[in-house]
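Asker: Pasting a structure below so you can have a look.
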Amino acid sequence: MDAFPEAWRYMAELFGGQIWLLLLLIVFAITLVVDVVFRIAIGGVDHYLNKHQKRFAGSITKSLKAPVSFYIWLSGLTLAIITMMNHFRVLLELKPYITEFKSTLGVIAVAWFSVRWVRHIEIHLKRLEHKDSRWDSVTVEAGAKVFKLTVFVVTGLFVLSELGVNLAGLIAFGGVGAMAVGFAAKDVIGNVLGGLMLYWDKPFSTGDWIRSPDKEIEGTVESIGWRLTIVRTFDKRPLYIPNGIFSTISIENPSRMTNRRIKQVIGLRYGDIDKVAAVTSDIREMLKNHPEIDQNQTTFVNFVAYNNSTLDIMIYTFTKTTVWVHYQEVQEDVLLKVAEVVASHGAEMAFPTRTLYVEDSVMLESPGQVEMPTSK
């Protein structure tokens with residue numbers, strides 16, 4: 001103002017002597033310019049980092065944009081309020097509180113940046129999972145949640161401290177309160193601890209097919225939360241399972257199987273007893289040459305039992321694939337080839353039969369041949 005008195009006088013006259021309105025306009029104009037310059041600069045840096053595949057540094061620029069812009073406008077608004085208070089000489093005693101409030105919101109802006117940055121890092125590391133086996137999506141998600149929780153707790157404590165709350169007394173009271181809350185919410189706490197165990201032990205991951213022999217649980221894992229795990233059943237119903245249950249039941253994870261098993265029993269007729277050895281030998285040779293059968297796993301074909309109507313042959317082997325649909329196709333092909341082997345030896349598959357033996361001494365008489373007793 002002192003450097004440009006003529007310009008200031010001209011602008012004051014332009015606003016009809018309303019100096020406070022001119023001051024507001026100047027403050028908000030400066031805030032707008034600073035925000036626009038910051039956004040242009042951060043956008044240029046972000047474009048450069050993306051162009052050179054600097055994903056980690058790019059996550060920082062993406063996370064900074066909104067929190068810093070918020071703080072710029074917060075500073076402009078605070079300056080405008082203090083300027084009005086100084087101009088009109090009113091509520092001057094509130095200036096320290098306004099400054100403290102600005103500092104508190106500044107801490108919240110920092111927490112906002114931290115949470116955004118962790119989310120971007122989490123997304124980036126999950127993408128790396130397909131290229132680098134060291135990055136596990138469940139571990140990354142658990143680490144991100146722990147970090148976010150830490151940020152929320154630290155931010156909350158700082159805000160309470162800025163508001164004049166005695167943290168020592170709060171912590172002491174929290175120790176007693178935690179016991180009462182823990183007793184009242186033991187199921188919730190058990191579910192949260194169960195979620196931590198899932199993140200730590202990793203019996204399954206998102207996308208895995210799981211099932212439990214102890215409960216009616218079977219489907220694909222959609223998400224693993226702090227308290228609940230969502231499983232989508234094969235008839236497309238969502239199943240919400242409290243995490244505490246997983247500590248009391250056994251879980252089977254078929255998604256991590258290395259092979260799928262074919263275990264079938266076929267039955268030949270008793271009349272083909274002389275052909276059983278040749279049939280089992282040819283089936284064994286067929287499996288040995290099948291491109292979809294894993295030769296490193298146990299494979300056997302043996303005559304195992306004299307059944308009521310069949311001569312039972314067990315076929316036991318493992319496929320290379322673990323994909324359910326492909327496995328069904330391989331099993332179908334194996335069973336059809338088994339039928340060809342049986343037919344090539346002139347044998348047949350058995351089905352339940354019953355043979356009735358009638359002795360030659362039994363004579364069946366017609367009703368007309370029955371001798372009637374004579375009357376006296």
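As shown in the structure tokens, the chain order sets the letters A, B, ...; within each chain, residues go from 1, and ligands are also counted from 1 in the order they appear.
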Select from region 68-299 of chain A everything DSSP, run on the backbone, classes as helix (DSSP H, G or I), then give the selection as an NGL selection string.
Answerer: :A and (68-88 or 92-128 or 137-162 or 167-184 or 186-201 or 243-247 or 254-256 or 270-289)
Asker: Excluding Ile42 (chain A) and any residue of its chain fewer than 6 positions from it, enumerate the residues within 12 Å of it, using only C-alpha atoms, and give them as a list in words.
Answerer: Asp35, Val36, Tyr48, Leu49, Ala57, Gly58, Ser59, Ile60, Thr61, Lys62, Ser63, Leu64, Lys65, Ala66, Val68 and Ser69 of chain A
Asker: Considering only C-alpha atoms, state which residue in the set A:Thr206, A:Lys320, A:Thr280, A:Val231 is at the smallest distance from Ile262 (chain A).
Answerer: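 Closest residue, counting only C-alpha atoms: A:Lys320.
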Asker: Env of region 211-226 of chain A: 7 Å cut, atoms = only C-alpha atoms, seq-sep filter 6 positions within chain, self excluded. Answer as a PyMOL selection string.
Answerer: chain A and resi 192+195+232-234+249-253
Asker: Need to verify the contact set: Leu32 (chain A), 12 Å, only C-alpha atoms, exclusion of same-chain residues closer than 2 positions in sequence. Can you return it as a list of chain:residue names?
Answerer: A:Leu25, A:Ile26, A:Val27, A:Phe28, A:Ala29, A:Ile30, A:Val34, A:Asp35, A:Val36, A:Val37, A:Phe38, A:Arg39, A:Ser69, A:Phe70, A:Ile72, A:Trp73, A:Leu74, A:Ser75, A:Gly76, A:Leu77
Asker: Just write the chosen residues, N, CA and C atoms, as a PDB file, in the first residue's frame.
Answerer:
ATOM      1  N   LEU A  25     -11.061  -9.015  -1.655  1.00  0.00           N
ATOM      2  CA  LEU A  25     -10.805  -9.352  -3.055  1.00  0.00           C
ATOM      3  C   LEU A  25      -9.331  -9.665  -3.281  1.00  0.00           C
ATOM      4  N   ILE A  26      -8.460  -8.855  -2.678  1.00  0.00           N
ATOM      5  CA  ILE A  26      -7.021  -9.078  -2.854  1.00  0.00           C
ATOM      6  C   ILE A  26      -6.597 -10.411  -2.247  1.00  0.00           C
ATOM      7  N   VAL A  27      -7.097 -10.697  -1.039  1.00  0.00           N
ATOM      8  CA  VAL A  27      -6.728 -11.956  -0.376  1.00  0.00           C
ATOM      9  C   VAL A  27      -7.172 -13.157  -1.203  1.00  0.00           C
ATOM     10  N   PHE A  28      -8.417 -13.158  -1.660  1.00  0.00           N
ATOM     11  CA  PHE A  28      -8.922 -14.299  -2.425  1.00  0.00           C
ATOM     12  C   PHE A  28      -8.281 -14.387  -3.802  1.00  0.00           C
ATOM     13  N   ALA A  29      -7.930 -13.244  -4.387  1.00  0.00           N
ATOM     14  CA  ALA A  29      -7.241 -13.257  -5.679  1.00  0.00           C
ATOM     15  C   ALA A  29      -5.858 -13.882  -5.541  1.00  0.00           C
ATOM     16  N   ILE A  30      -5.136 -13.481  -4.472  1.00  0.00           N
ATOM     17  CA  ILE A  30      -3.817 -14.077  -4.233  1.00  0.00           C
ATOM     18  C   ILE A  30      -3.944 -15.576  -3.974  1.00  0.00           C
ATOM     19  N   VAL A  34      -2.201 -18.500  -6.247  1.00  0.00           N
ATOM     20  CA  VAL A  34      -1.304 -19.497  -5.654  1.00  0.00           C
ATOM     21  C   VAL A  34      -1.812 -20.917  -5.927  1.00  0.00           C
ATOM     22  N   ASP A  35      -3.130 -21.134  -5.802  1.00  0.00           N
ATOM     23  CA  ASP A  35      -3.703 -22.465  -6.034  1.00  0.00           C
ATOM     24  C   ASP A  35      -3.548 -22.879  -7.491  1.00  0.00           C
ATOM     25  N   VAL A  36      -3.806 -21.958  -8.412  1.00  0.00           N
ATOM     26  CA  VAL A  36      -3.687 -22.282  -9.841  1.00  0.00           C
ATOM     27  C   VAL A  36      -2.238 -22.598 -10.197  1.00  0.00           C
ATOM     28  N   VAL A  37      -1.304 -21.778  -9.686  1.00  0.00           N
ATOM     29  CA  VAL A  37       0.119 -22.020  -9.968  1.00  0.00           C
ATOM     30  C   VAL A  37       0.546 -23.379  -9.405  1.00  0.00           C
ATOM     31  N   PHE A  38       0.081 -23.694  -8.198  1.00  0.00           N
ATOM     32  CA  PHE A  38       0.432 -24.987  -7.596  1.00  0.00           C
ATOM     33  C   PHE A  38      -0.119 -26.141  -8.428  1.00  0.00           C
ATOM     34  N   ARG A  39      -1.370 -26.034  -8.858  1.00  0.00           N
ATOM     35  CA  ARG A  39      -1.971 -27.129  -9.629  1.00  0.00           C
ATOM     36  C   ARG A  39      -1.271 -27.310 -10.969  1.00  0.00           C
ATOM     37  N   SER A  69      -4.068 -28.119  -1.959  1.00  0.00           N
ATOM     38  CA  SER A  69      -5.046 -27.135  -2.433  1.00  0.00           C
ATOM     39  C   SER A  69      -6.012 -26.758  -1.309  1.00  0.00           C
ATOM     40  N   PHE A  70      -6.419 -27.758  -0.535  1.00  0.00           N
ATOM     41  CA  PHE A  70      -7.293 -27.474   0.615  1.00  0.00           C
ATOM     42  C   PHE A  70      -6.602 -26.545   1.607  1.00  0.00           C
ATOM     43  N   ILE A  72      -4.163 -24.405   1.025  1.00  0.00           N
ATOM     44  CA  ILE A  72      -4.004 -23.069   0.442  1.00  0.00           C
ATOM     45  C   ILE A  72      -5.268 -22.241   0.653  1.00  0.00           C
ATOM     46  N   TRP A  73      -6.409 -22.839   0.362  1.00  0.00           N
ATOM     47  CA  TRP A  73      -7.670 -22.105   0.545  1.00  0.00           C
ATOM     48  C   TRP A  73      -7.998 -21.914   2.026  1.00  0.00           C
ATOM     49  N   LEU A  74      -7.591 -22.852   2.859  1.00  0.00           N
ATOM     50  CA  LEU A  74      -7.766 -22.677   4.298  1.00  0.00           C
ATOM     51  C   LEU A  74      -6.959 -21.475   4.792  1.00  0.00           C
ATOM     52  N   SER A  75      -5.718 -21.370   4.303  1.00  0.00           N
ATOM     53  CA  SER A  75      -4.881 -20.233   4.688  1.00  0.00           C
ATOM     54  C   SER A  75      -5.477 -18.926   4.186  1.00  0.00           C
ATOM     55  N   GLY A  76      -5.976 -18.916   2.951  1.00  0.00           N
ATOM     56  CA  GLY A  76      -6.595 -17.703   2.411  1.00  0.00           C
ATOM     57  C   GLY A  76      -7.822 -17.294   3.207  1.00  0.00           C
ATOM     58  N   LEU A  77      -8.651 -18.279   3.572  1.00  0.00           N
ATOM     59  CA  LEU A  77      -9.850 -17.963   4.348  1.00  0.00           C
ATOM     60  C   LEU A  77      -9.480 -17.448   5.736  1.00  0.00           C
TER      61      LEU A  77
END
Asker: For region 303-305 of chain A, list every protein, DNA or RNA residue within 12 Å, evaluated using only C-alpha atoms, and leave out those in the same chain fewer than 2 positions away; present the list as a PyMOL selection string.
Answerer: chain A and resi 264-268+270+273+275-281+283-284+300-301+307-316
Asker: Neighbours of region 324-335 of chain A within 9 Å (only C-alpha atoms; same-chain residues fewer than 6 positions away dropped), as a compact mmCIF listing (two decimals) with all heavy atoms, in the first residue's frame?
Answerer:
# COMPACT_ATOMS: atom_id res chain seq x y z
N ARG A 260 -5.39 -82.07 -10.02
CA ARG A 260 -6.73 -82.59 -9.72
C ARG A 260 -6.72 -84.10 -9.93
O ARG A 260 -6.06 -84.61 -10.84
CB ARG A 260 -7.79 -81.93 -10.61
CG ARG A 260 -8.18 -80.53 -10.14
CD ARG A 260 -9.37 -80.02 -10.92
NE ARG A 260 -9.77 -78.70 -10.48
CZ ARG A 260 -10.59 -78.45 -9.47
NH1 ARG A 260 -11.11 -79.46 -8.80
NH2 ARG A 260 -10.91 -77.23 -9.12
N ARG A 261 -7.46 -84.79 -9.09
CA ARG A 261 -7.44 -86.25 -9.09
C ARG A 261 -8.61 -86.83 -9.88
O ARG A 261 -9.73 -86.34 -9.79
CB ARG A 261 -7.50 -86.76 -7.65
CG ARG A 261 -7.41 -88.28 -7.52
CD ARG A 261 -7.51 -88.70 -6.08
NE ARG A 261 -8.84 -88.43 -5.52
CZ ARG A 261 -9.22 -88.79 -4.30
NH1 ARG A 261 -8.38 -89.42 -3.51
NH2 ARG A 261 -10.44 -88.51 -3.88
N ILE A 262 -8.32 -87.86 -10.64
CA ILE A 262 -9.35 -88.69 -11.27
C ILE A 262 -9.38 -90.02 -10.53
O ILE A 262 -8.38 -90.75 -10.50
CB ILE A 262 -9.08 -88.92 -12.76
CG1 ILE A 262 -9.11 -87.60 -13.53
CG2 ILE A 262 -10.10 -89.90 -13.35
CD1 ILE A 262 -8.77 -87.74 -15.01
N GLN A 264 -11.91 -93.24 -10.41
CA GLN A 264 -13.10 -93.88 -10.94
C GLN A 264 -13.00 -95.40 -10.78
O GLN A 264 -11.90 -95.97 -10.79
CB GLN A 264 -13.28 -93.55 -12.43
CG GLN A 264 -13.50 -92.09 -12.74
CD GLN A 264 -14.88 -91.61 -12.34
OE1 GLN A 264 -15.79 -92.42 -12.14
NE2 GLN A 264 -15.04 -90.30 -12.21
N MET A 286 -2.59 -96.36 -21.73
CA MET A 286 -3.26 -95.17 -22.24
C MET A 286 -3.00 -93.96 -21.34
O MET A 286 -2.71 -92.86 -21.82
CB MET A 286 -4.76 -95.43 -22.36
CG MET A 286 -5.58 -94.25 -22.88
SD MET A 286 -6.19 -93.17 -21.55
CE MET A 286 -7.32 -94.27 -20.70
N LEU A 287 -3.09 -94.16 -20.04
CA LEU A 287 -2.83 -93.05 -19.11
C LEU A 287 -1.38 -92.61 -19.15
O LEU A 287 -1.07 -91.42 -19.01
CB LEU A 287 -3.20 -93.48 -17.68
CG LEU A 287 -4.69 -93.73 -17.41
CD1 LEU A 287 -4.88 -94.24 -15.99
CD2 LEU A 287 -5.50 -92.46 -17.63
N HIS A 290 -1.07 -90.30 -22.10
CA HIS A 290 -2.01 -89.19 -22.21
C HIS A 290 -1.30 -87.86 -21.91
O HIS A 290 -0.64 -87.73 -20.87
CB HIS A 290 -3.18 -89.39 -21.24
CG HIS A 290 -4.40 -88.59 -21.58
ND1 HIS A 290 -4.45 -87.21 -21.50
CD2 HIS A 290 -5.62 -88.98 -22.05
CE1 HIS A 290 -5.63 -86.78 -21.87
NE2 HIS A 290 -6.36 -87.83 -22.21
N GLU A 292 -2.38 -85.01 -20.90
CA GLU A 292 -2.92 -84.21 -19.80
C GLU A 292 -2.78 -84.88 -18.44
O GLU A 292 -3.22 -84.33 -17.43
CB GLU A 292 -4.41 -83.91 -20.05
CG GLU A 292 -4.66 -83.02 -21.26
CD GLU A 292 -4.14 -81.60 -21.05
OE1 GLU A 292 -3.95 -81.20 -19.88
OE2 GLU A 292 -3.93 -80.89 -22.04
N ILE A 293 -2.15 -86.04 -18.40
CA ILE A 293 -1.95 -86.74 -17.14
C ILE A 293 -0.54 -86.47 -16.63
O ILE A 293 0.44 -86.57 -17.38
CB ILE A 293 -2.17 -88.26 -17.32
CG1 ILE A 293 -3.60 -88.54 -17.76
CG2 ILE A 293 -1.85 -88.99 -16.03
CD1 ILE A 293 -4.66 -88.07 -16.77
Asker: Looking only at strand (DSSP E) from DSSP on the backbone, list the matching residues of region 116-353 of chain A as a tab-separated table (two decimals) with N, CA, C and O atoms, in the first residue's frame.
Answerer:
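Written out: out.tsv:
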chain	number	residue	atom	x	y	z
A	209	TRP	N	-10.84	-70.03	-4.09
A	209	TRP	CA	-12.02	-70.87	-3.84
A	209	TRP	C	-11.76	-71.63	-2.54
A	209	TRP	O	-10.78	-72.36	-2.42
A	210	ILE	N	-12.63	-71.43	-1.56
A	210	ILE	CA	-12.45	-72.09	-0.27
A	210	ILE	C	-13.72	-72.85	0.10
A	210	ILE	O	-14.81	-72.56	-0.41
A	211	ARG	N	-13.57	-73.81	1.01
A	211	ARG	CA	-14.73	-74.51	1.56
A	211	ARG	C	-14.34	-75.08	2.92
A	211	ARG	O	-13.15	-75.27	3.23
A	212	SER	N	-15.34	-75.32	3.75
A	212	SER	CA	-15.10	-75.85	5.08
A	212	SER	C	-15.93	-77.11	5.29
A	212	SER	O	-17.14	-77.11	5.05
A	217	ILE	N	-19.82	-73.64	4.13
A	217	ILE	CA	-19.10	-72.52	3.53
A	217	ILE	C	-18.38	-73.04	2.29
A	217	ILE	O	-17.55	-73.94	2.39
A	218	GLU	N	-18.71	-72.50	1.15
A	218	GLU	CA	-18.00	-72.83	-0.08
A	218	GLU	C	-18.26	-71.72	-1.09
A	218	GLU	O	-19.40	-71.30	-1.30
A	219	GLY	N	-17.19	-71.25	-1.70
A	219	GLY	CA	-17.33	-70.19	-2.70
A	219	GLY	C	-16.00	-69.49	-2.93
A	219	GLY	O	-14.94	-69.97	-2.52
A	220	THR	N	-16.07	-68.35	-3.59
A	220	THR	CA	-14.89	-67.56	-3.94
A	220	THR	C	-14.78	-66.35	-3.02
A	220	THR	O	-15.76	-65.63	-2.82
A	221	VAL	N	-13.60	-66.14	-2.46
A	221	VAL	CA	-13.38	-65.02	-1.54
A	221	VAL	C	-13.39	-63.71	-2.33
A	221	VAL	O	-12.60	-63.54	-3.26
A	222	GLU	N	-14.28	-62.80	-1.95
A	222	GLU	CA	-14.36	-61.50	-2.63
A	222	GLU	C	-13.56	-60.44	-1.89
A	222	GLU	O	-12.92	-59.60	-2.52
A	223	SER	N	-13.61	-60.45	-0.57
A	223	SER	CA	-12.85	-59.45	0.19
A	223	SER	C	-12.62	-59.96	1.61
A	223	SER	O	-13.41	-60.75	2.14
A	224	ILE	N	-11.51	-59.49	2.20
A	224	ILE	CA	-11.16	-59.83	3.58
A	224	ILE	C	-11.08	-58.52	4.34
A	224	ILE	O	-10.18	-57.72	4.11
A	228	LEU	N	-15.25	-58.81	8.80
A	228	LEU	CA	-15.98	-59.77	7.97
A	228	LEU	C	-15.16	-60.18	6.77
A	228	LEU	O	-14.35	-59.39	6.24
A	229	THR	N	-15.39	-61.40	6.33
A	229	THR	CA	-14.89	-61.87	5.04
A	229	THR	C	-16.10	-62.19	4.18
A	229	THR	O	-17.03	-62.86	4.63
A	230	ILE	N	-16.08	-61.70	2.95
A	230	ILE	CA	-17.21	-61.92	2.03
A	230	ILE	C	-16.83	-63.02	1.06
A	230	ILE	O	-15.81	-62.94	0.37
A	231	VAL	N	-17.66	-64.07	1.03
A	231	VAL	CA	-17.46	-65.20	0.11
A	231	VAL	C	-18.68	-65.26	-0.81
A	231	VAL	O	-19.82	-65.22	-0.35
A	232	ARG	N	-18.42	-65.32	-2.11
A	232	ARG	CA	-19.49	-65.43	-3.10
A	232	ARG	C	-19.68	-66.91	-3.42
A	232	ARG	O	-18.80	-67.58	-3.95
A	238	PRO	N	-24.00	-63.73	-1.83
A	238	PRO	CA	-22.91	-63.29	-0.94
A	238	PRO	C	-23.05	-63.92	0.44
A	238	PRO	O	-24.14	-63.99	0.99
A	239	LEU	N	-21.93	-64.39	0.98
A	239	LEU	CA	-21.91	-65.00	2.30
A	239	LEU	C	-20.98	-64.16	3.18
A	239	LEU	O	-19.78	-64.05	2.90
A	240	TYR	N	-21.54	-63.55	4.24
A	240	TYR	CA	-20.77	-62.68	5.13
A	240	TYR	C	-20.37	-63.48	6.37
A	240	TYR	O	-21.22	-63.88	7.16
A	241	ILE	N	-19.06	-63.69	6.53
A	241	ILE	CA	-18.57	-64.58	7.58
A	241	ILE	C	-17.74	-63.77	8.57
A	241	ILE	O	-16.72	-63.17	8.18
A	242	PRO	N	-18.13	-63.72	9.85
A	242	PRO	CA	-17.28	-63.06	10.86
A	242	PRO	C	-15.92	-63.75	10.93
A	242	PRO	O	-15.83	-64.98	10.93
A	260	ARG	N	-5.39	-82.07	-10.02
A	260	ARG	CA	-6.73	-82.59	-9.72
A	260	ARG	C	-6.72	-84.10	-9.93
A	260	ARG	O	-6.06	-84.61	-10.84
A	261	ARG	N	-7.46	-84.79	-9.09
A	261	ARG	CA	-7.44	-86.25	-9.09
A	261	ARG	C	-8.61	-86.83	-9.88
A	261	ARG	O	-9.73	-86.34	-9.79
A	262	ILE	N	-8.32	-87.86	-10.64
A	262	ILE	CA	-9.35	-88.69	-11.27
A	262	ILE	C	-9.38	-90.02	-10.53
A	262	ILE	O	-8.38	-90.75	-10.50
A	263	LYS	N	-10.49	-90.33	-9.91
A	263	LYS	CA	-10.64	-91.60	-9.19
A	263	LYS	C	-11.97	-92.20	-9.60
A	263	LYS	O	-13.04	-91.72	-9.22
A	264	GLN	N	-11.91	-93.24	-10.41
A	264	GLN	CA	-13.10	-93.88	-10.94
A	264	GLN	C	-13.00	-95.40	-10.78
A	264	GLN	O	-11.90	-95.97	-10.79
A	265	VAL	N	-14.15	-96.03	-10.61
A	265	VAL	CA	-14.23	-97.50	-10.56
A	265	VAL	C	-15.17	-97.94	-11.67
A	265	VAL	O	-16.32	-97.50	-11.72
A	266	ILE	N	-14.66	-98.78	-12.57
A	266	ILE	CA	-15.49	-99.32	-13.64
A	266	ILE	C	-15.70	-100.81	-13.39
A	266	ILE	O	-14.85	-101.48	-12.77
A	267	GLY	N	-16.83	-101.32	-13.83
A	267	GLY	CA	-17.14	-102.73	-13.58
A	267	GLY	C	-17.32	-103.50	-14.87
A	267	GLY	O	-18.08	-103.09	-15.75
A	268	LEU	N	-16.62	-104.61	-15.01
A	268	LEU	CA	-16.80	-105.50	-16.15
A	268	LEU	C	-17.68	-106.69	-15.75
A	268	LEU	O	-17.86	-106.98	-14.56
A	300	PHE	N	-2.31	-95.53	-10.95
A	300	PHE	CA	-2.42	-97.00	-10.99
A	300	PHE	C	-3.79	-97.39	-11.51
A	300	PHE	O	-4.77	-96.66	-11.38
A	301	VAL	N	-3.81	-98.56	-12.16
A	301	VAL	CA	-5.03	-99.17	-12.66
A	301	VAL	C	-4.97	-100.64	-12.22
A	301	VAL	O	-4.10	-101.38	-12.66
A	302	ASN	N	-5.92	-101.05	-11.36
A	302	ASN	CA	-5.87	-102.41	-10.81
A	302	ASN	C	-7.27	-103.00	-10.66
A	302	ASN	O	-8.24	-102.28	-10.41
A	303	PHE	N	-7.32	-104.32	-10.81
A	303	PHE	CA	-8.52	-105.08	-10.49
A	303	PHE	C	-8.59	-105.16	-8.96
A	303	PHE	O	-7.70	-105.71	-8.31
A	304	VAL	N	-9.66	-104.63	-8.36
A	304	VAL	CA	-9.67	-104.44	-6.91
A	304	VAL	C	-10.74	-105.25	-6.18
A	304	VAL	O	-10.63	-105.43	-4.96
A	305	ALA	N	-11.81	-105.70	-6.87
A	305	ALA	CA	-12.87	-106.36	-6.08
A	305	ALA	C	-13.79	-107.18	-6.97
A	305	ALA	O	-14.03	-106.84	-8.13
A	306	TYR	N	-14.29	-108.31	-6.37
A	306	TYR	CA	-15.40	-109.05	-6.95
A	306	TYR	C	-16.67	-108.48	-6.33
A	306	TYR	O	-16.97	-108.74	-5.16
A	311	LEU	N	-16.90	-106.99	-11.96
A	311	LEU	CA	-15.48	-107.14	-11.64
A	311	LEU	C	-14.92	-105.71	-11.62
A	311	LEU	O	-14.80	-105.07	-12.67
A	312	ASP	N	-14.62	-105.19	-10.43
A	312	ASP	CA	-14.29	-103.78	-10.28
A	312	ASP	C	-12.82	-103.50	-10.58
A	312	ASP	O	-11.92	-104.16	-10.04
A	313	ILE	N	-12.61	-102.48	-11.44
A	313	ILE	CA	-11.26	-102.00	-11.77
A	313	ILE	C	-11.18	-100.54	-11.33
A	313	ILE	O	-12.00	-99.71	-11.74
A	314	MET	N	-10.19	-100.22	-10.50
A	314	MET	CA	-10.02	-98.84	-10.04
A	314	MET	C	-9.02	-98.12	-10.93
A	314	MET	O	-7.95	-98.64	-11.23
A	315	ILE	N	-9.39	-96.88	-11.31
A	315	ILE	CA	-8.50	-96.01	-12.08
A	315	ILE	C	-8.18	-94.82	-11.18
A	315	ILE	O	-9.08	-94.09	-10.73
A	316	TYR	N	-6.90	-94.59	-10.92
A	316	TYR	CA	-6.47	-93.54	-9.99
A	316	TYR	C	-5.30	-92.80	-10.64
A	316	TYR	O	-4.24	-93.38	-10.87
A	317	THR	N	-5.50	-91.50	-10.89
A	317	THR	CA	-4.45	-90.71	-11.53
A	317	THR	C	-4.70	-89.23	-11.29
A	317	THR	O	-5.74	-88.85	-10.71
A	318	PHE	N	-3.78	-88.36	-11.74
A	318	PHE	CA	-3.88	-86.92	-11.51
A	318	PHE	C	-3.67	-86.18	-12.83
A	318	PHE	O	-2.80	-86.54	-13.63
A	319	THR	N	-4.46	-85.14	-13.02
A	319	THR	CA	-4.32	-84.31	-14.21
A	319	THR	C	-3.29	-83.21	-13.95
A	319	THR	O	-3.02	-82.84	-12.81
Asker: Pick out the closest residue to Arg127 (chain A) from this set: A:Arg227, A:Arg237, A:Arg55, A:Asp294. Count only C-alpha atoms.
Answerer: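 For Arg127 (chain A), the nearest of the candidates is A:Arg55.
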